[in-house]
There are 2 protein chains.
Amino acid sequence: MTSLNNKLDKLRALAAPLETSSSTRVARLRKAGEHADRFLESLPERDVYTAAGPRDEAMAAFAIPADPEPFDDALQVVSQHVDGVGHNLGSSRFFAYIPSGGLHDSAIADYLAAVSNRYAGVGAAAPGATRMEDAMLRWLAGVVGYPASAEGDLTSGGSMAALSAVVAAREANNIKSADIPSTVVYLTAHTHHTFRKALHVAGLGECVIREIPLDARMRMDCDILRERIREDKNAGLRPWLIGASAGTTDTGSVDPLDSIADIAAESSIWMHVDAAYGGAFALCDEGKRRLKGIERSDSLILDPHKGFFLPCGIGVVLVRDGQKLFDAYHARGTYMQDVAGDTERSPCDYSAELTRPSRALRFWLPFKVHGSRAFAAALEEKLLLAQHFFDQCGKIEGIELGPGPDLSVVTFRFCPRNMESDVASRALLKAIQQDGRVFMASTTISGHFTIRMAILTYHTHIEDVDLALQIIEDSATAIRRQ
Amino acid sequence: MTSLNNKLDKLRALAAPLETSSSTRVARLRKAGEHADRFLESLPERDVYTAAGPRDEAMAAFAIPADPEPFDDALQVVSQHVDGVGHNLGSSRFFAYIPSGGLHDSAIADYLAAVSNRYAGVGAAAPGATRMEDAMLRWLAGVVGYPASAEGDLTSGGSMAALSAVVAAREANNIKSADIPSTVVYLTAHTHHTFRKALHVAGLGECVIREIPLDARMRMDCDILRERIREDKNAGLRPWLIGASAGTTDTGSVDPLDSIADIAAESSIWMHVDAAYGGAFALCDEGKRRLKGIERSDSLILDPHKGFFLPCGIGVVLVRDGQKLFDAYHARGTYMQDVAGDTERSPCDYSAELTRPSRALRFWLPFKVHGSRAFAAALEEKLLLAQHFFDQCGKIEGIELGPGPDLSVVTFRFCPRNMESDVASRALLKAIQQDGRVFMASTTISGHFTIRMAILTYHTHIEDVDLALQIIEDSATAIRRQ
């Protein structure tokens, strides 16, 4: 025993740094808070994008030491090599891809959730955290108009949510591996690529994929959809899944959800809606109107780190008939037998995940302290700002607009006389990015280079949008004069 | 314009709560820190498990208000309905399932990552956060003995990591849907159930599954494995995947990895190792010895929220030939064209996820401030503590031990004279759980109810283990005397 105790004492002494005292914890959190405050206070002045320094330097700074190093040094590395480079998604002037506001109360919630470290995969292990997840899912189901029988899951983001929906649809349709090559999935060129990736991950990569053409508003053409389904059925194929979009990433367009729901019902096809970006707008009256029909879908995904302004790291999948999500995912190990008879709802019964971070708190806390009305107002504001941008941008000489915004994305191209429009549009985007005060990104629509303006952080207001307009106008003028 | 401005002003005023000032942020983080400190300071005194109150009460407390509510009220709800109920996985006296230490510096890192909200899916968008992920993956690959060509991904936990490995294996083996029913996967009754679930999610549920018997040490029997593979080949089936375990959840046993690697090499079968629990032990010399052969596998998973003592929410998948992980997952959308030519490594090219939380910081920061030596020492201490528990527990009258611990899990049953052992073992576990000072869980081994003692938090020391031994002895004595 003495030899054992000596060995244990020695190891315990070596491992002692892991056991931080209360005063160390408090001091470190204070320093982290100061670090965070410096970052957030500087955000309004920062360029929206900052290039990184040499890779070798960063990798050297990230090397794992054998012995403890000062917390201050760690924060310094984070400032210089992590926080200070790349995109500021949460800047009020970030208009690229889909912005992510990054509400501070959600960051606090991540800290709190990690400290109490509830085991959020199993209800009996963490009845509080899992009930809170359930509460958020029920609330959100109500927001989008799903019935009480709906079930869902909080995921890490949209890709995992899409995977969950696809697997639920696959199981509900009892698609066996031998059937796959004769089953058909319908989507558009603007269906998010992660939906196809989800099919691939779920072993459905050999399904027949029908890309339904877009109409002039960049929405799925429902006449063609109905026709293709009819043709496929006549050819002996089995249509089973439609991937509709409520807010495409390319243009923010909302597919005609009500019409798609009619078609899906006629042919008993699972209707999935990618509302990762657009779904949050259901919280405000005007947005709810624009999303009409979403409540008739079989499954949908929604990313609170987009339209609910949370930091990256949370997606939601909802399945209208919740039993189908359960049937797709329920599984247990014998080492879980102690909780087998438990009556609490377990997230792992509705998810590909078992152990996972507790994500409910980062979703709940901002709504608790800000109230849902503030979110609804901010979302309605974004709809108006997008319309404002659309109206004003069209007045700039040489700008050709895409369709009027269904939600808060506007697309445009630069088509001055005497200059090829793709070349001009590329030059315009480059000039905007080089200016640095705002950040936009591009896509390709109908073969043409197209600039996207996506408005979605909580603190993006009219002055930010007007600044973007001014930069576009100034840059366009400069390019025309070259 | 005036009408628009009026509308915008009104909405902006309603949304104003979302825009917290610096002083509010600082005050809230301070309160959150006090809340966290109260929780952590009370942890040594708390029961390891606390039952929840009525569900209706919690759900009412979680209701989303329309108007803002005080931050203090929110924290009160969290204290009462979330943190105060369920398992304290991070307690030094938590010996159930697989403990999760919950290092405080990792919780701080979650806060920091959410504040700066880097877009960690794409290298060009967040070259710092993604390089840090790369650094952690390279470091970990070195720890387990993988070559520089290895690639990996930080996931939300073990289930997602297993899914990633399975999809990489599926693609590397070019398994088409028509082939699935004639392909064979090898595992044991103690392979974690999430490996089977991963096969199911990946569309491989119709593979032939061969459960290879366990030997007396609860390890995969390699003679039978070799024989079954031979039989399956002779029968025209296609063996392609072995799911080995480096630390089963049931008993902590490590399958004979070197022998399995030989068999996998002979037959060109993908060898996957579930080292979710056990992999971290590779950081200490004694653990590395016990995991010998893991470096020869094709893929492995490892959960830093287990053996590296982090809070729940982080798993790792590593694939020996990194190109295979890339080939399984690389996909892009046109709206990502601006980053297409970028040279930074993008996590989304190695993952089913695109948008995701930035997980590198929660992994890196604890190692930076504590040093890797502290982790190695703590892990070696756990190995010794498990051996100590095994040695002492066997001396308690009526206790029948499972095999000697390969890592830090020990199993035992209670077999007093004149009492059926399953009945006695259930009674013993119930008594231990009712005592409340320590928490253990059970499993079923060879049809028998079996108690598990899993030792894995950083601050579990000999006094905690001795307390568990004392409680077992006292409870066993009381049951024998009934």
# chains A, B, ... in the order shown; residues from 1 in each chain; ligands from 1
call {"tool": "select_by_dssp", "arguments": {"residues": "range 42-219 of chain A", "states": "alpha helix (DSSP H)", "output": "MDAnalysis selection string"}}
result
chainID A and resid 42 55:61 71:78 104:116 127:144 158:172 193:201
call {"tool": "closest_atom_pairs", "arguments": {"of": "range 153-228 of chain A", "to": "range 306-322 of chain A", "cutoff": "12 Å", "atoms": "only C-alpha atoms", "output": "tab-separated table"}}
result
residue	atom	partner	partner_atom	distance
A:Asp153	CA	A:Val317	CA	5.4
A:Leu154	CA	A:Val316	CA	4.7
A:Thr155	CA	A:Gly315	CA	4.8
A:Ser156	CA	A:Ile314	CA	4.5
A:Gly157	CA	A:Gly315	CA	3.8
A:Gly158	CA	A:Gly315	CA	5.1
A:Ser159	CA	A:Gly315	CA	8.1
A:Met160	CA	A:Gly315	CA	7.6
A:Ala161	CA	A:Val317	CA	4.8
A:Ala162	CA	A:Val317	CA	7.1
A:Leu163	CA	A:Val317	CA	9.0
A:Ser164	CA	A:Val317	CA	6.9
A:Ala165	CA	A:Val317	CA	6.6
A:Val166	CA	A:Val317	CA	10.2
A:Val167	CA	A:Val319	CA	11.1
A:Ala168	CA	A:Val319	CA	8.1
A:Ala169	CA	A:Val319	CA	9.2
A:Ala172	CA	A:Asp321	CA	10.0
call {"tool": "residues_around", "arguments": {"residues": "range 425-434 of chain A", "least_positions_apart": "5", "cutoff": "7 Å", "atoms": "only C-alpha atoms", "output": "list in words"}}
result
Arg413, Phe414, Phe439, Met440, Phe449, Thr450, Ile451, Ile471, Ile472, Ser475 and Ala476 of chain A
call {"tool": "write_last_selection", "arguments": {"atoms": "all heavy atoms", "output": "compact mmCIF listing (two decimals), in the first residue's frame"}}
result
# COMPACT_ATOMS: atom_id res chain seq x y z
N ARG A 413 -26.23 42.21 -60.04
CA ARG A 413 -25.06 42.13 -60.90
C ARG A 413 -24.73 43.53 -61.36
O ARG A 413 -25.55 44.44 -61.29
CB ARG A 413 -25.34 41.20 -62.07
CG ARG A 413 -25.79 39.82 -61.61
CD ARG A 413 -26.25 38.95 -62.76
NE ARG A 413 -25.15 38.80 -63.70
CZ ARG A 413 -25.25 39.04 -65.00
NH1 ARG A 413 -26.39 39.42 -65.54
NH2 ARG A 413 -24.19 38.89 -65.77
N PHE A 414 -23.50 43.69 -61.81
CA PHE A 414 -23.08 45.01 -62.30
C PHE A 414 -22.92 44.90 -63.82
O PHE A 414 -22.09 44.12 -64.30
CB PHE A 414 -21.76 45.41 -61.62
CG PHE A 414 -21.29 46.79 -61.96
CD1 PHE A 414 -22.19 47.85 -62.15
CD2 PHE A 414 -19.93 47.07 -62.06
CE1 PHE A 414 -21.75 49.13 -62.45
CE2 PHE A 414 -19.47 48.35 -62.35
CZ PHE A 414 -20.38 49.38 -62.55
N PHE A 439 -18.87 43.41 -45.94
CA PHE A 439 -18.40 42.20 -46.62
C PHE A 439 -19.59 41.51 -47.28
O PHE A 439 -20.61 41.28 -46.66
CB PHE A 439 -17.72 41.24 -45.64
CG PHE A 439 -16.90 40.18 -46.32
CD1 PHE A 439 -15.58 40.42 -46.66
CD2 PHE A 439 -17.46 38.95 -46.67
CE1 PHE A 439 -14.81 39.46 -47.31
CE2 PHE A 439 -16.70 37.98 -47.32
CZ PHE A 439 -15.38 38.24 -47.64
N MET A 440 -19.44 41.24 -48.58
CA MET A 440 -20.45 40.47 -49.32
C MET A 440 -19.74 39.31 -50.00
O MET A 440 -18.52 39.29 -50.11
CB MET A 440 -21.11 41.34 -50.40
CG MET A 440 -21.94 42.46 -49.83
SD MET A 440 -22.59 43.53 -51.13
CE MET A 440 -22.77 45.05 -50.19
N PHE A 449 -22.03 35.37 -62.75
CA PHE A 449 -21.48 35.80 -61.46
C PHE A 449 -22.43 36.82 -60.85
O PHE A 449 -22.78 37.83 -61.48
CB PHE A 449 -20.11 36.43 -61.69
CG PHE A 449 -19.38 36.76 -60.43
CD1 PHE A 449 -18.53 35.83 -59.82
CD2 PHE A 449 -19.52 38.02 -59.84
CE1 PHE A 449 -17.85 36.15 -58.66
CE2 PHE A 449 -18.84 38.34 -58.67
CZ PHE A 449 -17.99 37.40 -58.08
N THR A 450 -22.86 36.56 -59.63
CA THR A 450 -23.89 37.38 -59.00
C THR A 450 -23.49 37.71 -57.57
O THR A 450 -23.03 36.83 -56.84
CB THR A 450 -25.23 36.59 -59.00
OG1 THR A 450 -25.57 36.27 -60.35
CG2 THR A 450 -26.35 37.40 -58.36
N ILE A 451 -23.66 38.97 -57.19
CA ILE A 451 -23.32 39.38 -55.83
C ILE A 451 -24.54 39.23 -54.93
O ILE A 451 -25.68 39.45 -55.37
CB ILE A 451 -22.81 40.85 -55.81
CG1 ILE A 451 -21.66 41.00 -56.83
CG2 ILE A 451 -22.37 41.25 -54.41
CD1 ILE A 451 -21.15 42.43 -56.97
N ILE A 471 -21.11 52.31 -50.63
CA ILE A 471 -19.88 51.64 -51.10
C ILE A 471 -20.10 51.04 -52.49
O ILE A 471 -19.22 51.12 -53.36
CB ILE A 471 -19.42 50.58 -50.08
CG1 ILE A 471 -18.96 51.27 -48.79
CG2 ILE A 471 -18.29 49.71 -50.65
CD1 ILE A 471 -18.72 50.33 -47.62
N ILE A 472 -21.26 50.44 -52.69
CA ILE A 472 -21.57 49.88 -54.01
C ILE A 472 -21.57 50.99 -55.06
O ILE A 472 -20.96 50.86 -56.13
CB ILE A 472 -22.94 49.16 -54.00
CG1 ILE A 472 -22.89 47.92 -53.10
CG2 ILE A 472 -23.37 48.77 -55.42
CD1 ILE A 472 -24.25 47.32 -52.78
N SER A 475 -18.01 52.35 -55.60
CA SER A 475 -17.17 51.37 -56.29
C SER A 475 -17.59 51.23 -57.74
O SER A 475 -16.74 51.15 -58.64
CB SER A 475 -17.27 50.01 -55.60
OG SER A 475 -16.90 50.11 -54.24
N ALA A 476 -18.89 51.22 -57.97
CA ALA A 476 -19.40 51.09 -59.34
C ALA A 476 -18.97 52.29 -60.18
O ALA A 476 -18.54 52.15 -61.33
CB ALA A 476 -20.93 50.97 -59.32
call {"tool": "residues_around", "arguments": {"residues": "Pro17 in chain A", "least_positions_apart": "5", "cutoff": "12 Å", "atoms": "only C-alpha atoms", "output": "MDAnalysis selection string"}}
result
(chainID A and resid 11:12 24 66:71) or (chainID B and resid 103:105 366:378 458:459)
call {"tool": "residues_around", "arguments": {"residues": "Ala60 in chain B", "least_positions_apart": "5", "cutoff": "12 Å", "atoms": "only C-alpha atoms", "output": "PyMOL selection string"}}
result
(chain A and resi 131-132+134-136+139) or (chain B and resi 54-55+65+77+81)
call {"tool": "write_last_selection", "arguments": {"atoms": "all heavy atoms", "output": "mmCIF file, in the first residue's frame"}}
result
data_model
loop_
_atom_site.group_PDB
_atom_site.id
_atom_site.type_symbol
_atom_site.label_atom_id
_atom_site.label_comp_id
_atom_site.auth_asym_id
_atom_site.auth_seq_id
_atom_site.Cartn_x
_atom_site.Cartn_y
_atom_site.Cartn_z
ATOM 1 N N ARG A 131 -35.517 18.513 -20.494
ATOM 2 C CA ARG A 131 -36.846 19.151 -20.516
ATOM 3 C C ARG A 131 -36.761 20.529 -21.184
ATOM 4 O O ARG A 131 -37.666 20.951 -21.893
ATOM 5 C CB ARG A 131 -37.389 19.316 -19.099
ATOM 6 C CG ARG A 131 -37.866 18.026 -18.461
ATOM 7 C CD ARG A 131 -38.151 18.263 -16.976
ATOM 8 N NE ARG A 131 -38.647 17.046 -16.328
ATOM 9 C CZ ARG A 131 -38.931 16.966 -15.030
ATOM 10 N NH1 ARG A 131 -38.766 18.036 -14.242
ATOM 11 N NH2 ARG A 131 -39.376 15.842 -14.511
ATOM 12 N N MET A 132 -35.674 21.237 -20.901
ATOM 13 C CA MET A 132 -35.522 22.551 -21.527
ATOM 14 C C MET A 132 -35.415 22.406 -23.049
ATOM 15 O O MET A 132 -35.999 23.181 -23.797
ATOM 16 C CB MET A 132 -34.296 23.277 -20.966
ATOM 17 C CG MET A 132 -34.149 24.686 -21.526
ATOM 18 S SD MET A 132 -32.656 25.527 -20.926
ATOM 19 C CE MET A 132 -33.279 26.295 -19.436
ATOM 20 N N ASP A 134 -36.764 20.035 -24.743
ATOM 21 C CA ASP A 134 -38.131 19.718 -25.153
ATOM 22 C C ASP A 134 -38.978 20.993 -25.230
ATOM 23 O O ASP A 134 -39.736 21.199 -26.186
ATOM 24 C CB ASP A 134 -38.723 18.731 -24.133
ATOM 25 C CG ASP A 134 -39.978 18.054 -24.629
ATOM 26 O OD1 ASP A 134 -40.207 18.036 -25.851
ATOM 27 O OD2 ASP A 134 -40.738 17.532 -23.784
ATOM 28 N N ALA A 135 -38.828 21.854 -24.222
ATOM 29 C CA ALA A 135 -39.602 23.103 -24.197
ATOM 30 C C ALA A 135 -39.289 23.963 -25.418
ATOM 31 O O ALA A 135 -40.186 24.535 -26.043
ATOM 32 C CB ALA A 135 -39.321 23.874 -22.905
ATOM 33 N N MET A 136 -38.011 24.053 -25.780
ATOM 34 C CA MET A 136 -37.630 24.875 -26.933
ATOM 35 C C MET A 136 -38.162 24.272 -28.235
ATOM 36 O O MET A 136 -38.590 24.987 -29.139
ATOM 37 C CB MET A 136 -36.105 25.028 -27.003
ATOM 38 C CG MET A 136 -35.492 25.821 -25.862
ATOM 39 S SD MET A 136 -36.327 27.398 -25.490
ATOM 40 C CE MET A 136 -35.992 28.349 -26.975
ATOM 41 N N TRP A 139 -41.920 24.901 -28.368
ATOM 42 C CA TRP A 139 -42.160 26.312 -28.674
ATOM 43 C C TRP A 139 -41.933 26.570 -30.168
ATOM 44 O O TRP A 139 -42.756 27.197 -30.844
ATOM 45 C CB TRP A 139 -41.214 27.177 -27.823
ATOM 46 C CG TRP A 139 -41.255 28.626 -28.177
ATOM 47 C CD1 TRP A 139 -42.224 29.528 -27.824
ATOM 48 C CD2 TRP A 139 -40.301 29.338 -28.971
ATOM 49 N NE1 TRP A 139 -41.927 30.759 -28.354
ATOM 50 C CE2 TRP A 139 -40.751 30.673 -29.063
ATOM 51 C CE3 TRP A 139 -39.117 28.985 -29.614
ATOM 52 C CZ2 TRP A 139 -40.058 31.655 -29.769
ATOM 53 C CZ3 TRP A 139 -38.421 29.957 -30.317
ATOM 54 C CH2 TRP A 139 -38.892 31.273 -30.390
ATOM 55 N N PRO B 54 -41.490 18.043 -10.405
ATOM 56 C CA PRO B 54 -42.530 17.779 -11.401
ATOM 57 C C PRO B 54 -42.209 18.421 -12.753
ATOM 58 O O PRO B 54 -41.716 19.539 -12.818
ATOM 59 C CB PRO B 54 -43.779 18.432 -10.793
ATOM 60 C CG PRO B 54 -43.484 18.621 -9.353
ATOM 61 C CD PRO B 54 -42.010 18.771 -9.231
ATOM 62 N N ARG B 55 -42.524 17.684 -13.804
ATOM 63 C CA ARG B 55 -42.241 18.143 -15.153
ATOM 64 C C ARG B 55 -42.987 19.455 -15.480
ATOM 65 O O ARG B 55 -42.408 20.364 -16.069
ATOM 66 C CB ARG B 55 -42.664 17.047 -16.139
ATOM 67 C CG ARG B 55 -42.488 17.417 -17.594
ATOM 68 C CD ARG B 55 -42.959 16.286 -18.520
ATOM 69 N NE ARG B 55 -43.238 16.821 -19.841
ATOM 70 C CZ ARG B 55 -42.317 16.964 -20.800
ATOM 71 N NH1 ARG B 55 -41.085 16.593 -20.583
ATOM 72 N NH2 ARG B 55 -42.635 17.505 -21.965
ATOM 73 N N PRO B 65 -40.962 34.062 -22.655
ATOM 74 C CA PRO B 65 -41.786 35.249 -22.452
ATOM 75 C C PRO B 65 -41.767 36.153 -23.693
ATOM 76 O O PRO B 65 -40.832 36.092 -24.489
ATOM 77 C CB PRO B 65 -41.089 35.953 -21.284
ATOM 78 C CG PRO B 65 -39.641 35.588 -21.463
ATOM 79 C CD PRO B 65 -39.626 34.199 -22.056
ATOM 80 N N VAL B 77 -33.825 30.052 -12.540
ATOM 81 C CA VAL B 77 -34.448 28.914 -13.231
ATOM 82 C C VAL B 77 -33.394 27.846 -13.538
ATOM 83 O O VAL B 77 -33.621 26.647 -13.341
ATOM 84 C CB VAL B 77 -35.149 29.373 -14.533
ATOM 85 C CG1 VAL B 77 -35.575 28.167 -15.373
ATOM 86 C CG2 VAL B 77 -36.345 30.262 -14.210
ATOM 87 N N HIS B 81 -33.882 24.273 -11.949
ATOM 88 C CA HIS B 81 -34.477 23.282 -12.850
ATOM 89 C C HIS B 81 -33.485 22.603 -13.791
ATOM 90 O O HIS B 81 -33.847 21.683 -14.502
ATOM 91 C CB HIS B 81 -35.598 23.929 -13.672
ATOM 92 C CG HIS B 81 -36.770 24.356 -12.851
ATOM 93 N ND1 HIS B 81 -37.623 23.440 -12.268
ATOM 94 C CD2 HIS B 81 -37.221 25.583 -12.483
ATOM 95 C CE1 HIS B 81 -38.565 24.097 -11.592
ATOM 96 N NE2 HIS B 81 -38.339 25.392 -11.697
#
call {"tool": "closest_residue", "arguments": {"among": "A:Arg289, A:Arg345, A:Arg210, A:Lys197", "to": "Glu151 in chain A", "atoms": "only C-alpha atoms"}}
result
A:Arg345
